[in-house]
There are 2 protein chains.
Amino acid sequence: MQRKSLAGAVCPIARSLDAIGDWWTLLIVRDAFRGMSRFGDFQQSLGVSRNILTRRLAGLVGHGVLERVAAADGSGYHAYRLTARGRGLFGVLVALSQWGQENVAAPAGRRMRMLDRAQRRPLRKLEVLAADGRALGPDDVVMSRAV
Amino acid sequence: MQRKSLAGAVCPIARSLDAIGDWWTLLIVRDAFRGMSRFGDFQQSLGVSRNILTRRLAGLVGHGVLERVAAADGSGYHAYRLTARGRGLFGVLVALSQWGQENVAAPAGRRMRMLDRAQRRPLRKLEVLAADGRALGPDDVVMSRAV
């Protein structure tokens, strides 16, 4: 696809998009949050070819979102684990999950949602807040260039 | 790219990714939040070909994220405006912006950040909260299938 490279973008949204690679790659991160770590498990969950998955996993490792470690079972296989930086994507996934739940219909009679593990209740809706705690909407925020 | 279709996915994260199309498309949404509405302005901001931009804008209109309206200047051109559903992506953009600021280096000496318009101060870090207000991390949340 023809587009400007986003890697050195001034805007942190653009840099984030570049680091994650594409939308689809974020589903690998989702699965890693669900405890998945093995190549074959990601492949089965996502239904993609080995080649493509290999490339996307390498990209996430290269950007420091996942790290490659020896499999816990001592099998000699390797596994993929979220780094601290990868775990930092939690809020992005929650925001996407809440938007999808509200705005994009689930298949009839089947849906999935995020629950608080302790109480098995849905999460509170994410709120964008000012430093002093005021709730902010899109019109209350500006993107500002700073040196 | 070979992959399962995400349109009817049980997982709301996957459905969201399908509705937005790809990472890059989200930069159109970012620009719309910044007040951009004209084809030529999006094209200049994003550096993409007319063909590709036309297709992505049509996709966002088709998914109800943007709507096509007559340009305010009466020129007969049309403009693109965020719908309520599109404005609902605000939290996703804030989450991505905060992650990018913390995790992906900006070009030397140049960065951009989101500020509270009223006080020109950075936003508070997004927090994932349980229904009762407890702060939740990735390990405190489960994805649960519900009928």
# chains A, B, ... in the order shown; residues from 1 in each chain; ligands from 1
>>> interface_residues(of="chain B", to="chain A", cutoff="6 Å", atoms="only C-alpha atoms", output="short mmCIF file (atom, residue, chain, number, x, y, z; two decimals) with N, CA, C and O atoms, in the first residue's frame")
data_model
loop_
_atom_site.label_atom_id
_atom_site.label_comp_id
_atom_site.auth_asym_id
_atom_site.auth_seq_id
_atom_site.Cartn_x
_atom_site.Cartn_y
_atom_site.Cartn_z
N GLN B 2 -4.42 -13.97 3.78
CA GLN B 2 -5.27 -15.09 4.21
C GLN B 2 -5.58 -14.96 5.69
O GLN B 2 -4.69 -14.96 6.52
N ARG B 3 -6.82 -14.85 6.01
CA ARG B 3 -7.21 -14.94 7.41
C ARG B 3 -8.71 -15.15 7.48
O ARG B 3 -9.42 -14.94 6.53
N LYS B 4 -9.15 -15.59 8.65
CA LYS B 4 -10.58 -15.71 8.88
C LYS B 4 -11.23 -14.33 8.73
O LYS B 4 -10.64 -13.32 9.10
N GLY B 8 -18.12 -11.31 11.53
CA GLY B 8 -19.09 -11.92 12.43
C GLY B 8 -18.43 -12.54 13.64
O GLY B 8 -18.96 -13.47 14.23
N VAL B 10 -17.13 -13.49 17.29
CA VAL B 10 -17.71 -13.45 18.62
C VAL B 10 -17.04 -12.36 19.45
O VAL B 10 -17.67 -11.67 20.25
N CYS B 11 -15.76 -12.17 19.24
CA CYS B 11 -14.98 -11.23 20.04
C CYS B 11 -15.17 -9.79 19.55
O CYS B 11 -14.96 -9.50 18.37
N PRO B 12 -15.55 -8.88 20.45
CA PRO B 12 -15.80 -7.50 20.03
C PRO B 12 -14.53 -6.77 19.58
O PRO B 12 -14.62 -5.79 18.85
N ILE B 13 -13.38 -7.23 20.02
CA ILE B 13 -12.13 -6.62 19.53
C ILE B 13 -11.99 -6.93 18.04
O ILE B 13 -11.72 -6.05 17.22
N ARG B 15 -14.34 -7.74 15.91
CA ARG B 15 -15.36 -7.02 15.11
C ARG B 15 -14.97 -5.56 14.92
O ARG B 15 -15.18 -4.98 13.85
N SER B 16 -14.41 -4.96 15.95
CA SER B 16 -13.97 -3.57 15.81
C SER B 16 -12.90 -3.44 14.74
O SER B 16 -12.94 -2.53 13.92
N LEU B 17 -11.95 -4.36 14.77
CA LEU B 17 -10.86 -4.30 13.79
C LEU B 17 -11.42 -4.43 12.38
O LEU B 17 -11.00 -3.73 11.45
N ASP B 22 -8.33 -1.30 8.68
CA ASP B 22 -6.94 -1.57 9.03
C ASP B 22 -6.43 -0.40 9.86
O ASP B 22 -7.08 0.61 10.01
N TRP B 23 -5.26 -0.59 10.41
CA TRP B 23 -4.67 0.43 11.27
C TRP B 23 -4.67 1.79 10.63
O TRP B 23 -5.02 2.80 11.23
N GLY B 47 -0.87 11.33 2.73
CA GLY B 47 0.06 10.98 1.67
C GLY B 47 -0.29 9.70 0.94
O GLY B 47 0.59 8.89 0.65
N VAL B 48 -1.55 9.49 0.68
CA VAL B 48 -1.97 8.28 -0.03
C VAL B 48 -2.59 8.64 -1.38
O VAL B 48 -2.96 9.80 -1.61
N GLY B 91 -11.96 7.09 22.67
CA GLY B 91 -11.19 6.37 23.69
C GLY B 91 -10.10 5.49 23.10
O GLY B 91 -9.01 5.36 23.66
N VAL B 92 -10.39 4.89 21.93
CA VAL B 92 -9.38 4.06 21.26
C VAL B 92 -8.19 4.93 20.86
O VAL B 92 -7.03 4.57 21.05
N ALA B 95 -6.17 5.94 23.92
CA ALA B 95 -5.38 4.79 24.40
C ALA B 95 -4.15 4.58 23.51
O ALA B 95 -3.04 4.37 24.01
N LEU B 96 -4.34 4.67 22.20
CA LEU B 96 -3.20 4.50 21.28
C LEU B 96 -2.20 5.64 21.44
O LEU B 96 -0.99 5.43 21.37
N SER B 97 -2.71 6.83 21.63
CA SER B 97 -1.82 7.99 21.77
C SER B 97 -0.96 7.86 23.02
O SER B 97 0.25 8.09 22.99
N GLY B 100 1.66 5.11 22.51
CA GLY B 100 2.72 5.56 21.61
C GLY B 100 3.66 6.54 22.29
O GLY B 100 4.88 6.50 22.10
N GLN B 101 3.10 7.42 23.11
CA GLN B 101 3.94 8.39 23.79
C GLN B 101 4.90 7.72 24.76
O GLN B 101 6.03 8.12 24.91
N ALA B 106 9.52 9.38 19.62
CA ALA B 106 9.16 10.38 18.62
C ALA B 106 10.43 10.81 17.88
O ALA B 106 11.54 10.59 18.35
N PRO B 107 10.27 11.41 16.70
CA PRO B 107 11.45 11.94 16.00
C PRO B 107 12.14 12.97 16.90
O PRO B 107 11.48 13.67 17.66
N GLY B 109 13.40 15.76 18.94
CA GLY B 109 13.00 17.15 19.12
C GLY B 109 11.60 17.49 18.68
O GLY B 109 11.18 18.64 18.75
N ARG B 110 10.85 16.48 18.19
CA ARG B 110 9.51 16.81 17.72
C ARG B 110 8.53 15.78 18.26
O ARG B 110 8.70 14.59 18.08
N ARG B 111 7.53 16.25 18.95
CA ARG B 111 6.51 15.33 19.38
C ARG B 111 5.18 16.05 19.43
O ARG B 111 5.10 17.27 19.34
N MET B 112 4.15 15.26 19.54
CA MET B 112 2.80 15.80 19.54
C MET B 112 2.08 15.08 20.67
O MET B 112 2.35 13.90 20.93
N ARG B 113 1.22 15.77 21.36
CA ARG B 113 0.49 15.07 22.41
C ARG B 113 -0.89 15.66 22.56
O ARG B 113 -1.17 16.76 22.09
N MET B 114 -1.73 14.91 23.21
CA MET B 114 -3.10 15.36 23.44
C MET B 114 -3.13 16.20 24.70
O MET B 114 -2.63 15.79 25.74
N LEU B 115 -3.75 17.37 24.58
CA LEU B 115 -3.90 18.24 25.74
C LEU B 115 -5.38 18.55 25.97
O LEU B 115 -6.16 18.61 25.03
N ASP B 116 -5.71 18.73 27.21
CA ASP B 116 -7.00 19.25 27.62
C ASP B 116 -7.09 20.68 27.07
O ASP B 116 -6.26 21.53 27.39
N ARG B 117 -8.10 20.94 26.24
CA ARG B 117 -8.19 22.23 25.56
C ARG B 117 -8.31 23.40 26.56
O ARG B 117 -7.72 24.46 26.36
N LEU B 123 -3.57 14.80 29.38
CA LEU B 123 -4.70 14.07 29.95
C LEU B 123 -4.21 13.13 31.05
O LEU B 123 -3.04 12.77 31.10
N ARG B 124 -5.12 12.72 31.88
CA ARG B 124 -4.81 11.69 32.86
C ARG B 124 -4.65 10.35 32.12
O ARG B 124 -5.31 10.11 31.12
N LEU B 129 -11.19 0.13 34.93
CA LEU B 129 -11.80 0.00 36.26
C LEU B 129 -12.89 -1.06 36.27
O LEU B 129 -13.63 -1.24 35.30
N ALA B 130 -13.02 -1.73 37.39
CA ALA B 130 -14.13 -2.65 37.63
C ALA B 130 -15.40 -1.84 37.91
O ALA B 130 -15.33 -0.63 38.17
N ALA B 131 -16.54 -2.52 37.89
CA ALA B 131 -17.81 -1.85 38.15
C ALA B 131 -17.78 -1.11 39.49
O ALA B 131 -18.37 -0.04 39.64
N ASP B 140 -6.48 -9.29 35.72
CA ASP B 140 -7.72 -9.19 36.49
C ASP B 140 -8.95 -9.30 35.60
O ASP B 140 -10.08 -9.15 36.08
N VAL B 141 -8.75 -9.55 34.31
CA VAL B 141 -9.85 -9.52 33.36
C VAL B 141 -9.90 -10.84 32.60
O VAL B 141 -8.87 -11.40 32.27
N VAL B 142 -11.11 -11.35 32.36
CA VAL B 142 -11.27 -12.54 31.52
C VAL B 142 -12.21 -12.20 30.36
O VAL B 142 -13.10 -11.36 30.48
N MET B 143 -11.98 -12.87 29.22
CA MET B 143 -12.91 -12.77 28.10
C MET B 143 -13.91 -13.91 28.29
O MET B 143 -13.53 -15.06 28.37
N SER B 144 -15.18 -13.56 28.38
CA SER B 144 -16.16 -14.58 28.68
C SER B 144 -17.21 -14.67 27.58
O SER B 144 -17.72 -13.65 27.10
N ARG B 145 -17.51 -15.88 27.16
CA ARG B 145 -18.58 -16.07 26.18
C ARG B 145 -19.92 -16.04 26.89
O ARG B 145 -20.09 -16.65 27.93
N ALA B 146 -20.85 -15.32 26.33
CA ALA B 146 -22.19 -15.24 26.94
C ALA B 146 -23.21 -15.51 25.85
O ALA B 146 -22.97 -15.20 24.68
N VAL B 147 -24.33 -16.11 26.20
CA VAL B 147 -25.37 -16.38 25.21
C VAL B 147 -26.33 -15.19 25.15
O VAL B 147 -26.58 -14.53 26.16
#
>>> residues_around(residues="Ala72 of chain A", least_positions_apart="5", cutoff="12 Å", atoms="only C-alpha atoms", output="ChimeraX atom specification")
/A:37-38,77-81
>>> residues_around(residues="Leu57 of chain B", least_positions_apart="3", cutoff="9 Å", atoms="only C-alpha atoms", output="MDAnalysis selection string")
chainID B and resid 25 28 39 52:54 60:62 66 80
>>> select_by_dssp(residues="chain B", states="alpha helix (DSSP H)", output="PyMOL selection string")
chain B and resi 12-20+25-33+39-46+50-62+84-87+90-103
>>> select_by_dssp(residues="segment 1-146 of chain B", states="strand (DSSP E)", output="ChimeraX atom specification")
/B:66-70,78-82,111-116,121-122,141-146
>>> write_last_selection(atoms="N, CA and C atoms", output="PDB file, in the first residue's frame")
ATOM      1  N   LEU B  66     -18.077   7.329   9.445  1.00  0.00           N
ATOM      2  CA  LEU B  66     -18.165   8.661   8.861  1.00  0.00           C
ATOM      3  C   LEU B  66     -19.470   8.768   8.079  1.00  0.00           C
ATOM      4  N   GLU B  67     -19.936  10.004   7.875  1.00  0.00           N
ATOM      5  CA  GLU B  67     -21.045  10.220   6.949  1.00  0.00           C
ATOM      6  C   GLU B  67     -20.636  11.286   5.937  1.00  0.00           C
ATOM      7  N   ARG B  68     -21.190  11.140   4.716  1.00  0.00           N
ATOM      8  CA  ARG B  68     -20.893  12.095   3.654  1.00  0.00           C
ATOM      9  C   ARG B  68     -21.938  13.184   3.669  1.00  0.00           C
ATOM     10  N   VAL B  69     -21.505  14.419   3.728  1.00  0.00           N
ATOM     11  CA  VAL B  69     -22.442  15.545   3.768  1.00  0.00           C
ATOM     12  C   VAL B  69     -21.992  16.573   2.726  1.00  0.00           C
ATOM     13  N   ALA B  70     -22.882  17.493   2.389  1.00  0.00           N
ATOM     14  CA  ALA B  70     -22.504  18.578   1.476  1.00  0.00           C
ATOM     15  C   ALA B  70     -21.512  19.500   2.176  1.00  0.00           C
ATOM     16  N   HIS B  78     -18.391  17.486  -1.501  1.00  0.00           N
ATOM     17  CA  HIS B  78     -18.899  16.887  -0.278  1.00  0.00           C
ATOM     18  C   HIS B  78     -17.783  16.808   0.759  1.00  0.00           C
ATOM     19  N   ALA B  79     -18.219  16.552   1.972  1.00  0.00           N
ATOM     20  CA  ALA B  79     -17.288  16.506   3.097  1.00  0.00           C
ATOM     21  C   ALA B  79     -17.619  15.263   3.919  1.00  0.00           C
ATOM     22  N   TYR B  80     -16.721  14.892   4.779  1.00  0.00           N
ATOM     23  CA  TYR B  80     -16.913  13.714   5.618  1.00  0.00           C
ATOM     24  C   TYR B  80     -16.930  14.146   7.076  1.00  0.00           C
ATOM     25  N   ARG B  81     -17.889  13.597   7.792  1.00  0.00           N
ATOM     26  CA  ARG B  81     -18.078  13.993   9.181  1.00  0.00           C
ATOM     27  C   ARG B  81     -18.214  12.748  10.044  1.00  0.00           C
ATOM     28  N   LEU B  82     -17.648  12.770  11.231  1.00  0.00           N
ATOM     29  CA  LEU B  82     -17.781  11.640  12.154  1.00  0.00           C
ATOM     30  C   LEU B  82     -19.235  11.484  12.586  1.00  0.00           C
ATOM     31  N   ARG B 111       7.535  16.253  18.948  1.00  0.00           N
ATOM     32  CA  ARG B 111       6.510  15.327  19.377  1.00  0.00           C
ATOM     33  C   ARG B 111       5.182  16.054  19.430  1.00  0.00           C
ATOM     34  N   MET B 112       4.148  15.258  19.536  1.00  0.00           N
ATOM     35  CA  MET B 112       2.803  15.805  19.544  1.00  0.00           C
ATOM     36  C   MET B 112       2.078  15.076  20.672  1.00  0.00           C
ATOM     37  N   ARG B 113       1.215  15.771  21.361  1.00  0.00           N
ATOM     38  CA  ARG B 113       0.493  15.066  22.413  1.00  0.00           C
ATOM     39  C   ARG B 113      -0.895  15.657  22.563  1.00  0.00           C
ATOM     40  N   MET B 114      -1.734  14.909  23.209  1.00  0.00           N
ATOM     41  CA  MET B 114      -3.101  15.358  23.440  1.00  0.00           C
ATOM     42  C   MET B 114      -3.132  16.201  24.697  1.00  0.00           C
ATOM     43  N   LEU B 115      -3.753  17.366  24.581  1.00  0.00           N
ATOM     44  CA  LEU B 115      -3.900  18.245  25.739  1.00  0.00           C
ATOM     45  C   LEU B 115      -5.378  18.546  25.967  1.00  0.00           C
ATOM     46  N   ASP B 116      -5.708  18.733  27.211  1.00  0.00           N
ATOM     47  CA  ASP B 116      -7.004  19.250  27.618  1.00  0.00           C
ATOM     48  C   ASP B 116      -7.094  20.685  27.071  1.00  0.00           C
ATOM     49  N   ARG B 121      -3.211  21.093  29.559  1.00  0.00           N
ATOM     50  CA  ARG B 121      -2.397  20.123  30.300  1.00  0.00           C
ATOM     51  C   ARG B 121      -2.633  18.724  29.737  1.00  0.00           C
ATOM     52  N   PRO B 122      -1.636  17.829  29.854  1.00  0.00           N
ATOM     53  CA  PRO B 122      -1.813  16.454  29.362  1.00  0.00           C
ATOM     54  C   PRO B 122      -2.987  15.774  30.060  1.00  0.00           C
ATOM     55  N   VAL B 141      -8.748  -9.548  34.311  1.00  0.00           N
ATOM     56  CA  VAL B 141      -9.853  -9.521  33.360  1.00  0.00           C
ATOM     57  C   VAL B 141      -9.903 -10.840  32.600  1.00  0.00           C
ATOM     58  N   VAL B 142     -11.108 -11.349  32.362  1.00  0.00           N
ATOM     59  CA  VAL B 142     -11.272 -12.540  31.520  1.00  0.00           C
ATOM     60  C   VAL B 142     -12.208 -12.198  30.363  1.00  0.00           C
ATOM     61  N   MET B 143     -11.981 -12.869  29.215  1.00  0.00           N
ATOM     62  CA  MET B 143     -12.909 -12.774  28.102  1.00  0.00           C
ATOM     63  C   MET B 143     -13.906 -13.910  28.293  1.00  0.00           C
ATOM     64  N   SER B 144     -15.176 -13.557  28.375  1.00  0.00           N
ATOM     65  CA  SER B 144     -16.160 -14.578  28.679  1.00  0.00           C
ATOM     66  C   SER B 144     -17.207 -14.667  27.578  1.00  0.00           C
ATOM     67  N   ARG B 145     -17.514 -15.881  27.158  1.00  0.00           N
ATOM     68  CA  ARG B 145     -18.583 -16.069  26.175  1.00  0.00           C
ATOM     69  C   ARG B 145     -19.920 -16.039  26.890  1.00  0.00           C
ATOM     70  N   ALA B 146     -20.855 -15.317  26.330  1.00  0.00           N
ATOM     71  CA  ALA B 146     -22.187 -15.242  26.937  1.00  0.00           C
ATOM     72  C   ALA B 146     -23.211 -15.508  25.848  1.00  0.00           C
TER      73      ALA B 146
END
>>> decode(residues="segment 49-64 of chain A", atoms="N, CA and C atoms", output="short mmCIF file (atom, residue, chain, number, x, y, z; two decimals), in the first residue's frame")
data_model
loop_
_atom_site.label_atom_id
_atom_site.label_comp_id
_atom_site.auth_asym_id
_atom_site.auth_seq_id
_atom_site.Cartn_x
_atom_site.Cartn_y
_atom_site.Cartn_z
N SER A 49 -1.82 -18.46 7.71
CA SER A 49 -0.75 -19.35 7.27
C SER A 49 0.47 -19.21 8.17
N ARG A 50 1.32 -20.24 8.17
CA ARG A 50 2.54 -20.22 8.97
C ARG A 50 3.43 -19.04 8.59
N ASN A 51 3.54 -18.80 7.28
CA ASN A 51 4.40 -17.71 6.81
C ASN A 51 4.01 -16.37 7.37
N ILE A 52 2.71 -16.09 7.26
CA ILE A 52 2.23 -14.78 7.70
C ILE A 52 2.37 -14.65 9.20
N LEU A 53 2.00 -15.70 9.92
CA LEU A 53 2.10 -15.63 11.37
C LEU A 53 3.56 -15.46 11.81
N THR A 54 4.46 -16.17 11.15
CA THR A 54 5.88 -16.05 11.47
C THR A 54 6.34 -14.61 11.33
N ARG A 55 5.91 -13.97 10.23
CA ARG A 55 6.32 -12.60 9.97
C ARG A 55 5.75 -11.64 11.02
N ARG A 56 4.47 -11.84 11.36
CA ARG A 56 3.85 -10.92 12.32
C ARG A 56 4.43 -11.10 13.72
N LEU A 57 4.71 -12.34 14.10
CA LEU A 57 5.32 -12.57 15.41
C LEU A 57 6.71 -11.93 15.45
N ALA A 58 7.46 -12.07 14.36
CA ALA A 58 8.80 -11.47 14.32
C ALA A 58 8.69 -9.95 14.44
N GLY A 59 7.68 -9.39 13.81
CA GLY A 59 7.47 -7.93 13.89
C GLY A 59 7.18 -7.50 15.31
N LEU A 60 6.33 -8.24 15.99
CA LEU A 60 5.99 -7.89 17.37
C LEU A 60 7.19 -8.05 18.30
N VAL A 61 8.02 -9.08 18.04
CA VAL A 61 9.25 -9.24 18.83
C VAL A 61 10.20 -8.08 18.53
N GLY A 62 10.31 -7.72 17.26
CA GLY A 62 11.20 -6.63 16.86
C GLY A 62 10.80 -5.29 17.48
N HIS A 63 9.51 -5.09 17.67
CA HIS A 63 9.06 -3.85 18.28
C HIS A 63 8.95 -3.94 19.80
N GLY A 64 9.39 -5.08 20.35
CA GLY A 64 9.42 -5.19 21.80
C GLY A 64 8.06 -5.38 22.44
#
